[in-house]
>>> print(open('run_7.cif').read())   # mmCIF, N, CA and C atoms
data_query
#
loop_
_atom_site.label_atom_id
_atom_site.label_comp_id
_atom_site.auth_asym_id
_atom_site.auth_seq_id
_atom_site.Cartn_x
_atom_site.Cartn_y
_atom_site.Cartn_z
N MET G 1 119.03 90.88 117.31
CA MET G 1 118.49 90.61 115.99
C MET G 1 117.43 91.66 115.65
N THR G 2 117.33 92.01 114.41
CA THR G 2 116.38 93.01 113.94
C THR G 2 114.98 92.40 113.86
N THR G 3 114.02 93.14 114.36
CA THR G 3 112.63 92.72 114.27
C THR G 3 112.08 93.06 112.89
N GLN G 4 111.31 92.14 112.34
CA GLN G 4 110.64 92.36 111.07
C GLN G 4 109.16 92.06 111.27
N LEU G 5 108.30 92.85 110.62
CA LEU G 5 106.86 92.69 110.77
C LEU G 5 106.15 92.58 109.43
N ALA G 6 105.06 91.84 109.45
CA ALA G 6 104.14 91.77 108.31
C ALA G 6 102.73 91.63 108.89
N ASN G 7 101.77 92.17 108.18
CA ASN G 7 100.36 91.97 108.53
C ASN G 7 99.74 91.06 107.49
N VAL G 8 98.95 90.11 107.95
CA VAL G 8 98.27 89.18 107.06
C VAL G 8 96.77 89.36 107.26
N PHE G 9 96.10 89.78 106.18
CA PHE G 9 94.65 89.97 106.21
C PHE G 9 93.99 88.83 105.45
N LEU G 10 92.90 88.31 106.00
CA LEU G 10 92.08 87.33 105.31
C LEU G 10 90.74 87.99 105.00
N THR G 11 90.42 88.09 103.71
CA THR G 11 89.12 88.61 103.29
C THR G 11 88.26 87.41 102.89
N ALA G 12 87.09 87.69 102.37
CA ALA G 12 86.19 86.61 101.96
C ALA G 12 86.81 85.72 100.88
N ASP G 13 87.69 86.30 100.05
CA ASP G 13 88.22 85.51 98.92
C ASP G 13 89.73 85.57 98.75
N ALA G 14 90.44 86.24 99.66
CA ALA G 14 91.88 86.40 99.44
C ALA G 14 92.65 86.58 100.75
N TRP G 15 93.93 86.26 100.66
CA TRP G 15 94.92 86.61 101.68
C TRP G 15 95.69 87.82 101.14
N LEU G 16 95.89 88.84 101.96
CA LEU G 16 96.75 89.96 101.60
C LEU G 16 97.86 90.00 102.64
N VAL G 17 99.08 89.87 102.18
CA VAL G 17 100.24 89.86 103.07
C VAL G 17 100.98 91.18 102.84
N VAL G 18 101.08 91.98 103.89
CA VAL G 18 101.57 93.35 103.81
C VAL G 18 102.86 93.49 104.62
N SER G 19 103.92 93.92 103.98
CA SER G 19 105.18 94.16 104.68
C SER G 19 105.09 95.48 105.44
N MET G 20 105.65 95.50 106.64
CA MET G 20 105.64 96.69 107.50
C MET G 20 107.09 97.10 107.79
N SER G 21 107.32 98.41 107.85
CA SER G 21 108.65 98.91 108.20
C SER G 21 108.53 99.92 109.34
N GLN G 22 109.58 100.02 110.13
CA GLN G 22 109.58 100.94 111.26
C GLN G 22 110.22 102.26 110.84
N THR G 23 109.50 103.36 111.08
CA THR G 23 110.00 104.67 110.67
C THR G 23 111.03 105.19 111.67
N THR G 24 111.66 106.29 111.29
CA THR G 24 112.64 106.93 112.17
C THR G 24 112.00 107.43 113.46
N TYR G 25 110.67 107.56 113.49
CA TYR G 25 109.94 107.94 114.71
C TYR G 25 109.55 106.72 115.55
N GLY G 26 109.85 105.51 115.06
CA GLY G 26 109.53 104.30 115.80
C GLY G 26 108.15 103.72 115.49
N VAL G 27 107.45 104.33 114.55
CA VAL G 27 106.11 103.88 114.16
C VAL G 27 106.24 102.80 113.08
N TRP G 28 105.43 101.73 113.22
CA TRP G 28 105.40 100.71 112.17
C TRP G 28 104.34 101.11 111.16
N ALA G 29 104.72 101.12 109.88
CA ALA G 29 103.80 101.52 108.82
C ALA G 29 104.01 100.61 107.62
N ALA G 30 102.94 100.45 106.84
CA ALA G 30 103.04 99.65 105.62
C ALA G 30 104.08 100.27 104.71
N ASN G 31 104.84 99.41 104.02
CA ASN G 31 105.84 99.92 103.08
C ASN G 31 105.43 99.68 101.63
N PHE G 32 104.17 99.36 101.43
CA PHE G 32 103.54 99.22 100.11
C PHE G 32 103.95 97.97 99.34
N HIS G 33 104.65 97.04 100.00
CA HIS G 33 104.91 95.72 99.41
C HIS G 33 103.77 94.81 99.88
N VAL G 34 102.98 94.33 98.93
CA VAL G 34 101.80 93.52 99.24
C VAL G 34 101.75 92.35 98.27
N ILE G 35 101.43 91.18 98.82
CA ILE G 35 101.16 90.01 97.99
C ILE G 35 99.72 89.59 98.24
N ARG G 36 98.95 89.42 97.17
CA ARG G 36 97.57 88.96 97.25
C ARG G 36 97.51 87.53 96.71
N LEU G 37 96.90 86.65 97.49
CA LEU G 37 96.75 85.24 97.11
C LEU G 37 95.29 84.84 97.27
N PRO G 38 94.83 83.87 96.48
CA PRO G 38 93.46 83.39 96.69
C PRO G 38 93.34 82.73 98.07
N ALA G 39 92.15 82.82 98.66
CA ALA G 39 91.94 82.26 100.01
C ALA G 39 92.25 80.77 100.06
N ASP G 40 92.10 80.07 98.94
CA ASP G 40 92.34 78.63 98.93
C ASP G 40 93.75 78.25 98.45
N CYS G 41 94.69 79.19 98.50
CA CYS G 41 96.07 78.88 98.10
C CYS G 41 96.65 77.82 99.03
N THR G 42 97.76 77.25 98.63
CA THR G 42 98.39 76.22 99.47
C THR G 42 99.06 76.86 100.69
N ASP G 43 99.26 76.05 101.71
CA ASP G 43 100.00 76.53 102.89
C ASP G 43 101.39 77.01 102.48
N GLU G 44 102.02 76.29 101.55
CA GLU G 44 103.36 76.67 101.11
C GLU G 44 103.35 78.05 100.43
N ASN G 45 102.35 78.30 99.57
CA ASN G 45 102.26 79.61 98.91
C ASN G 45 102.04 80.73 99.92
N LEU G 46 101.17 80.49 100.90
CA LEU G 46 100.90 81.48 101.94
C LEU G 46 102.16 81.73 102.77
N GLY G 47 102.83 80.66 103.17
CA GLY G 47 104.06 80.80 103.95
C GLY G 47 105.15 81.51 103.17
N ASP G 48 105.30 81.19 101.89
CA ASP G 48 106.28 81.88 101.04
C ASP G 48 106.01 83.38 101.02
N ALA G 49 104.74 83.75 100.87
CA ALA G 49 104.38 85.17 100.81
C ALA G 49 104.71 85.87 102.13
N VAL G 50 104.41 85.22 103.25
CA VAL G 50 104.71 85.80 104.56
C VAL G 50 106.21 85.99 104.73
N LEU G 51 106.99 84.96 104.40
CA LEU G 51 108.44 85.06 104.55
C LEU G 51 109.03 86.12 103.61
N GLU G 52 108.47 86.23 102.41
CA GLU G 52 108.95 87.25 101.46
C GLU G 52 108.63 88.66 101.96
N MET G 53 107.45 88.85 102.52
CA MET G 53 107.08 90.19 103.02
C MET G 53 107.86 90.54 104.29
N LEU G 54 108.18 89.55 105.10
CA LEU G 54 109.04 89.81 106.26
C LEU G 54 110.43 90.26 105.80
N ALA G 55 110.92 89.65 104.73
CA ALA G 55 112.23 90.02 104.20
C ALA G 55 112.25 91.47 103.68
N GLN G 56 111.08 92.00 103.31
CA GLN G 56 110.98 93.39 102.84
C GLN G 56 110.86 94.40 103.98
N SER G 57 110.65 93.91 105.20
CA SER G 57 110.48 94.77 106.37
C SER G 57 111.82 95.40 106.74
N GLN G 58 111.80 96.70 106.98
CA GLN G 58 113.03 97.42 107.30
C GLN G 58 112.86 98.26 108.56
N GLN G 59 113.96 98.77 109.05
CA GLN G 59 113.97 99.67 110.20
C GLN G 59 114.51 101.02 109.77
N ARG G 60 114.09 102.06 110.47
CA ARG G 60 114.59 103.42 110.27
C ARG G 60 114.33 103.97 108.87
N VAL G 61 113.15 103.68 108.33
CA VAL G 61 112.75 104.28 107.07
C VAL G 61 112.22 105.69 107.36
N PRO G 62 112.24 106.58 106.37
CA PRO G 62 111.73 107.93 106.62
C PRO G 62 110.27 107.91 107.09
N HIS G 63 109.99 108.73 108.07
CA HIS G 63 108.62 108.85 108.59
C HIS G 63 107.77 109.60 107.56
N PRO G 64 106.55 109.13 107.29
CA PRO G 64 105.70 109.83 106.31
C PRO G 64 105.47 111.28 106.72
N LYS G 65 105.58 112.17 105.75
CA LYS G 65 105.31 113.59 105.99
C LYS G 65 103.89 113.95 105.61
N ASP G 66 103.32 113.21 104.66
CA ASP G 66 101.99 113.50 104.15
C ASP G 66 101.13 112.24 104.33
N TRP G 67 100.33 112.21 105.40
CA TRP G 67 99.54 111.03 105.71
C TRP G 67 98.40 110.82 104.72
N ILE G 68 97.91 111.89 104.11
CA ILE G 68 96.86 111.73 103.09
C ILE G 68 97.43 110.95 101.91
N ASP G 69 98.62 111.34 101.46
CA ASP G 69 99.28 110.62 100.36
C ASP G 69 99.63 109.20 100.79
N PHE G 70 100.13 109.04 102.02
CA PHE G 70 100.47 107.70 102.52
C PHE G 70 99.24 106.80 102.48
N ASN G 71 98.10 107.29 102.99
CA ASN G 71 96.88 106.48 103.03
C ASN G 71 96.40 106.14 101.62
N ARG G 72 96.51 107.08 100.68
CA ARG G 72 96.12 106.80 99.29
C ARG G 72 97.00 105.70 98.71
N ARG G 73 98.31 105.80 98.94
CA ARG G 73 99.24 104.78 98.43
C ARG G 73 98.98 103.42 99.10
N TYR G 74 98.63 103.44 100.38
CA TYR G 74 98.32 102.19 101.09
C TYR G 74 97.09 101.52 100.48
N LEU G 75 96.03 102.29 100.27
CA LEU G 75 94.82 101.74 99.65
C LEU G 75 95.14 101.17 98.27
N ASP G 76 95.91 101.92 97.49
CA ASP G 76 96.30 101.44 96.16
C ASP G 76 97.07 100.12 96.25
N SER G 77 97.99 100.03 97.21
CA SER G 77 98.80 98.81 97.34
C SER G 77 97.93 97.61 97.74
N LEU G 78 96.89 97.86 98.52
CA LEU G 78 95.97 96.79 98.92
C LEU G 78 94.98 96.44 97.82
N GLY G 79 94.77 97.38 96.90
CA GLY G 79 93.77 97.17 95.86
C GLY G 79 92.36 97.32 96.37
N VAL G 80 92.16 98.19 97.37
CA VAL G 80 90.83 98.42 97.92
C VAL G 80 90.48 99.90 97.81
N LYS G 81 89.18 100.18 97.83
CA LYS G 81 88.70 101.57 97.70
C LYS G 81 88.43 102.20 99.06
N ASN G 82 87.94 101.40 100.02
CA ASN G 82 87.51 101.92 101.31
C ASN G 82 88.19 101.15 102.43
N LEU G 83 89.09 101.80 103.15
CA LEU G 83 89.86 101.12 104.20
C LEU G 83 88.96 100.67 105.34
N ASN G 84 88.00 101.49 105.74
CA ASN G 84 87.12 101.11 106.85
C ASN G 84 86.34 99.84 106.52
N LYS G 85 85.81 99.77 105.31
CA LYS G 85 85.07 98.57 104.89
C LYS G 85 86.00 97.36 104.83
N PHE G 86 87.18 97.55 104.26
CA PHE G 86 88.16 96.46 104.16
C PHE G 86 88.50 95.92 105.55
N GLU G 87 88.81 96.82 106.50
CA GLU G 87 89.18 96.37 107.84
C GLU G 87 88.02 95.70 108.56
N ALA G 88 86.81 96.21 108.39
CA ALA G 88 85.64 95.63 109.04
C ALA G 88 85.32 94.24 108.51
N GLU G 89 85.66 94.00 107.24
CA GLU G 89 85.30 92.73 106.61
C GLU G 89 86.45 91.73 106.54
N SER G 90 87.61 92.06 107.09
CA SER G 90 88.74 91.13 107.02
C SER G 90 89.24 90.79 108.43
N LYS G 91 90.03 89.75 108.49
CA LYS G 91 90.66 89.33 109.74
C LYS G 91 92.15 89.60 109.63
N LEU G 92 92.76 90.03 110.74
CA LEU G 92 94.16 90.42 110.75
C LEU G 92 94.98 89.54 111.67
N ILE G 93 96.12 89.09 111.15
CA ILE G 93 97.12 88.38 111.95
C ILE G 93 98.43 89.15 111.79
N ALA G 94 98.97 89.63 112.90
CA ALA G 94 100.27 90.31 112.88
C ALA G 94 101.35 89.25 113.01
N VAL G 95 102.39 89.37 112.20
CA VAL G 95 103.49 88.40 112.19
C VAL G 95 104.77 89.15 112.52
N GLU G 96 105.43 88.74 113.58
CA GLU G 96 106.68 89.35 114.00
C GLU G 96 107.79 88.30 113.96
N SER G 97 108.90 88.67 113.34
CA SER G 97 110.05 87.76 113.24
C SER G 97 111.23 88.35 113.99
N ASP G 98 111.91 87.49 114.75
CA ASP G 98 113.17 87.91 115.37
C ASP G 98 114.35 87.22 114.68
N GLY G 99 114.08 86.58 113.55
CA GLY G 99 115.12 85.90 112.79
C GLY G 99 115.15 84.40 113.01
N SER G 100 114.73 83.94 114.19
CA SER G 100 114.76 82.51 114.46
C SER G 100 113.37 81.93 114.72
N ARG G 101 112.40 82.81 114.95
CA ARG G 101 111.04 82.34 115.18
C ARG G 101 110.06 83.45 114.81
N LEU G 102 108.81 83.04 114.60
CA LEU G 102 107.74 83.99 114.31
C LEU G 102 106.75 83.98 115.46
N THR G 103 106.25 85.14 115.80
CA THR G 103 105.15 85.26 116.75
C THR G 103 103.95 85.75 115.97
N LEU G 104 102.88 84.96 115.97
CA LEU G 104 101.65 85.26 115.25
C LEU G 104 100.60 85.73 116.24
N THR G 105 100.07 86.92 116.01
CA THR G 105 99.08 87.50 116.92
C THR G 105 97.81 87.84 116.17
N PRO G 106 96.71 87.10 116.45
CA PRO G 106 95.43 87.47 115.85
C PRO G 106 94.94 88.78 116.47
N ASN G 107 94.26 89.60 115.68
CA ASN G 107 93.74 90.89 116.14
C ASN G 107 92.25 90.98 115.86
N ARG G 108 91.53 91.58 116.78
CA ARG G 108 90.09 91.81 116.62
C ARG G 108 89.90 93.26 116.20
N HIS G 109 89.10 93.48 115.16
CA HIS G 109 88.80 94.84 114.73
C HIS G 109 87.72 95.41 115.65
N ARG G 110 88.01 96.55 116.27
CA ARG G 110 87.11 97.16 117.25
C ARG G 110 86.33 98.34 116.69
N GLY G 111 86.42 98.54 115.39
CA GLY G 111 85.70 99.65 114.77
C GLY G 111 86.65 100.73 114.29
N ARG G 112 86.11 101.63 113.50
CA ARG G 112 86.92 102.66 112.86
C ARG G 112 87.70 103.52 113.85
N GLN G 113 87.09 103.88 114.96
CA GLN G 113 87.75 104.76 115.92
C GLN G 113 88.79 104.04 116.77
N GLN G 114 88.56 102.76 117.07
CA GLN G 114 89.44 102.03 117.98
C GLN G 114 90.50 101.18 117.28
N GLY G 115 90.30 100.88 116.01
CA GLY G 115 91.29 100.09 115.29
C GLY G 115 91.32 98.64 115.72
N TYR G 116 92.51 98.07 115.73
CA TYR G 116 92.67 96.65 116.04
C TYR G 116 93.14 96.45 117.47
N GLU G 117 92.68 95.36 118.06
CA GLU G 117 93.09 94.97 119.40
C GLU G 117 93.75 93.59 119.32
N PRO G 118 95.04 93.49 119.70
CA PRO G 118 95.68 92.17 119.70
C PRO G 118 95.00 91.25 120.71
N LEU G 119 94.74 90.03 120.29
CA LEU G 119 94.18 89.04 121.22
C LEU G 119 95.31 88.46 122.06
N LYS G 120 94.95 87.95 123.21
CA LYS G 120 95.98 87.41 124.12
C LYS G 120 96.63 86.15 123.57
N SER G 121 95.88 85.40 122.77
CA SER G 121 96.42 84.14 122.24
C SER G 121 97.43 84.44 121.13
N LYS G 122 98.63 83.93 121.31
CA LYS G 122 99.69 84.08 120.32
C LYS G 122 100.20 82.69 119.98
N THR G 123 100.69 82.55 118.77
CA THR G 123 101.29 81.30 118.33
C THR G 123 102.74 81.58 117.98
N VAL G 124 103.64 80.76 118.50
CA VAL G 124 105.05 80.88 118.18
C VAL G 124 105.41 79.77 117.21
N VAL G 125 106.04 80.15 116.10
CA VAL G 125 106.43 79.19 115.06
C VAL G 125 107.95 79.16 115.00
N THR G 126 108.52 77.99 115.23
CA THR G 126 109.98 77.86 115.16
C THR G 126 110.42 77.13 113.89
N ASP G 127 109.49 76.42 113.25
CA ASP G 127 109.77 75.78 111.97
C ASP G 127 109.54 76.83 110.90
N MET G 128 110.62 77.38 110.35
CA MET G 128 110.52 78.50 109.43
C MET G 128 110.35 78.07 107.97
N THR G 129 109.90 76.83 107.74
CA THR G 129 109.62 76.42 106.37
C THR G 129 108.31 77.06 105.93
N ALA G 130 108.19 77.31 104.64
CA ALA G 130 107.00 77.98 104.11
C ALA G 130 105.72 77.22 104.46
N THR G 131 105.75 75.91 104.34
CA THR G 131 104.54 75.12 104.62
C THR G 131 104.13 75.24 106.08
N ALA G 132 105.07 75.16 107.00
CA ALA G 132 104.76 75.28 108.43
C ALA G 132 104.23 76.67 108.77
N VAL G 133 104.83 77.69 108.19
CA VAL G 133 104.38 79.06 108.44
C VAL G 133 102.97 79.25 107.90
N GLY G 134 102.73 78.82 106.67
CA GLY G 134 101.40 78.94 106.09
C GLY G 134 100.34 78.19 106.86
N ARG G 135 100.68 76.99 107.31
CA ARG G 135 99.73 76.18 108.09
C ARG G 135 99.37 76.89 109.40
N ALA G 136 100.35 77.46 110.07
CA ALA G 136 100.11 78.16 111.34
C ALA G 136 99.25 79.41 111.13
N ILE G 137 99.52 80.15 110.06
CA ILE G 137 98.73 81.35 109.74
C ILE G 137 97.28 80.94 109.45
N ARG G 138 97.09 79.94 108.64
CA ARG G 138 95.76 79.51 108.23
C ARG G 138 94.90 79.08 109.42
N ALA G 139 95.51 78.58 110.48
CA ALA G 139 94.77 78.10 111.64
C ALA G 139 94.22 79.23 112.52
N LEU G 140 94.74 80.46 112.38
CA LEU G 140 94.40 81.52 113.32
C LEU G 140 93.11 82.29 113.09
N PRO G 141 92.64 82.52 111.86
CA PRO G 141 91.45 83.35 111.71
C PRO G 141 90.23 82.82 112.47
N ALA G 142 90.15 81.54 112.71
CA ALA G 142 89.02 80.98 113.45
C ALA G 142 88.95 81.54 114.87
N GLN G 143 90.07 82.02 115.42
CA GLN G 143 90.08 82.58 116.77
C GLN G 143 89.54 84.01 116.82
N ILE G 144 89.46 84.65 115.65
CA ILE G 144 89.05 86.05 115.59
C ILE G 144 87.54 86.12 115.40
N ILE G 145 86.88 86.74 116.33
CA ILE G 145 85.41 86.83 116.28
C ILE G 145 85.01 88.12 115.60
#
>>> encode(input="run_7.cif", output="structure tokens")
Amino acid sequence: MTTQLANVFLTADAWLVVSMSQTTYGVWAANFHVIRLPADCTDENLGDAVLEMLAQSQQRVPHPKDWIDFNRRYLDSLGVKNLNKFEAESKLIAVESDGSRLTLTPNRHRGRQQGYEPLKSKTVVTDMTATAVGRAIRALPAQII
């Protein structure tokens, strides 16, 4: 089964669900499909957004040739001006789908130079309904310090 990825960021006032695609070099990169929801959205709305962004995840997309342009487009898709500030002030949950289940991995931001560190605690979701997915995602930011 094909792996699909999405990153879910929680900021002070919003959820940003970002679809990720794997390049021809094997690198996972944002594909500029982003859904922004208010932090107090329903579990169903959050789960719908995660499932929709996973559906946009692809494999073997062209590898970026111009990383400056890629980063500008990424910032634009997120609707943020400063990536370092955004990452420092948000919490990240990586979502991986194998088609029958989701693996949710909270990540700790280690600073601009070190990026994100996956935490050992992972949650596996086998109920692929939007409400169950959203509920599982919403429970994880408390684990991220």
>>> closest_residue(input="run_7.cif", among="G:Asn31, G:Asn82, G:Thr123, G:Gln114", to="G:Arg135", atoms="only C-alpha atoms")
G:Thr123
>>> atom_distance(input="run_7.cif", atom1="atom N of G:Thr11", atom2="atom N of G:Glu96")
18.0 Å
>>> residues_near_point(input="run_7.cif", point="(106.8, 92.5, 98.7)", cutoff="7 Å", atoms="only C-alpha atoms", output="VMD selection string")
chain G and resid 19 33 to 35 52 to 53 56
>>> resolve_selection(input="run_7.cif", expression="the PyMOL selection byres ((chain G and resi 136-142) around 8)", output="JSON, numbers by chain")
{"G": [10, 43, 46, 47, 91, 92, 93, 104, 105, 106, 107, 123, 125, 130, 131, 132, 133, 134, 135, 143, 144, 145]}
>>> write_last_selection(input="run_7.cif", atoms="N, CA and C atoms", output="tab-separated table (two decimals), in the frame of the given file")
chain	number	residue	atom	x	y	z
G	10	LEU	N	92.90	88.31	106.00
G	10	LEU	CA	92.08	87.33	105.31
G	10	LEU	C	90.74	87.99	105.00
G	43	ASP	N	99.26	76.05	101.71
G	43	ASP	CA	100.00	76.53	102.89
G	43	ASP	C	101.39	77.01	102.48
G	46	LEU	N	101.17	80.49	100.90
G	46	LEU	CA	100.90	81.48	101.94
G	46	LEU	C	102.16	81.73	102.77
G	47	GLY	N	102.83	80.66	103.17
G	47	GLY	CA	104.06	80.80	103.95
G	47	GLY	C	105.15	81.51	103.17
G	91	LYS	N	90.03	89.75	108.49
G	91	LYS	CA	90.66	89.33	109.74
G	91	LYS	C	92.15	89.60	109.63
G	92	LEU	N	92.76	90.03	110.74
G	92	LEU	CA	94.16	90.42	110.75
G	92	LEU	C	94.98	89.54	111.67
G	93	ILE	N	96.12	89.09	111.15
G	93	ILE	CA	97.12	88.38	111.95
G	93	ILE	C	98.43	89.15	111.79
G	104	LEU	N	102.88	84.96	115.97
G	104	LEU	CA	101.65	85.26	115.25
G	104	LEU	C	100.60	85.73	116.24
G	105	THR	N	100.07	86.92	116.01
G	105	THR	CA	99.08	87.50	116.92
G	105	THR	C	97.81	87.84	116.17
G	106	PRO	N	96.71	87.10	116.45
G	106	PRO	CA	95.43	87.47	115.85
G	106	PRO	C	94.94	88.78	116.47
G	107	ASN	N	94.26	89.60	115.68
G	107	ASN	CA	93.74	90.89	116.14
G	107	ASN	C	92.25	90.98	115.86
G	123	THR	N	100.69	82.55	118.77
G	123	THR	CA	101.29	81.30	118.33
G	123	THR	C	102.74	81.58	117.98
G	125	VAL	N	106.04	80.15	116.10
G	125	VAL	CA	106.43	79.19	115.06
G	125	VAL	C	107.95	79.16	115.00
G	130	ALA	N	108.19	77.31	104.64
G	130	ALA	CA	107.00	77.98	104.11
G	130	ALA	C	105.72	77.22	104.46
G	131	THR	N	105.75	75.91	104.34
G	131	THR	CA	104.54	75.12	104.62
G	131	THR	C	104.13	75.24	106.08
G	132	ALA	N	105.07	75.16	107.00
G	132	ALA	CA	104.76	75.28	108.43
G	132	ALA	C	104.23	76.67	108.77
G	133	VAL	N	104.83	77.69	108.19
G	133	VAL	CA	104.38	79.06	108.44
G	133	VAL	C	102.97	79.25	107.90
G	134	GLY	N	102.73	78.82	106.67
G	134	GLY	CA	101.40	78.94	106.09
G	134	GLY	C	100.34	78.19	106.86
G	135	ARG	N	100.68	76.99	107.31
G	135	ARG	CA	99.73	76.18	108.09
G	135	ARG	C	99.37	76.89	109.40
G	143	GLN	N	90.07	82.02	115.42
G	143	GLN	CA	90.08	82.58	116.77
G	143	GLN	C	89.54	84.01	116.82
G	144	ILE	N	89.46	84.65	115.65
G	144	ILE	CA	89.05	86.05	115.59
G	144	ILE	C	87.54	86.12	115.40
G	145	ILE	N	86.88	86.74	116.33
G	145	ILE	CA	85.41	86.83	116.28
G	145	ILE	C	85.01	88.12	115.60
>>> select_by_dssp(input="run_7.cif", residues="chain G", states="alpha helix (DSSP H)", output="ChimeraX atom specification")
/G:43-55,67-78,83-89,130-139
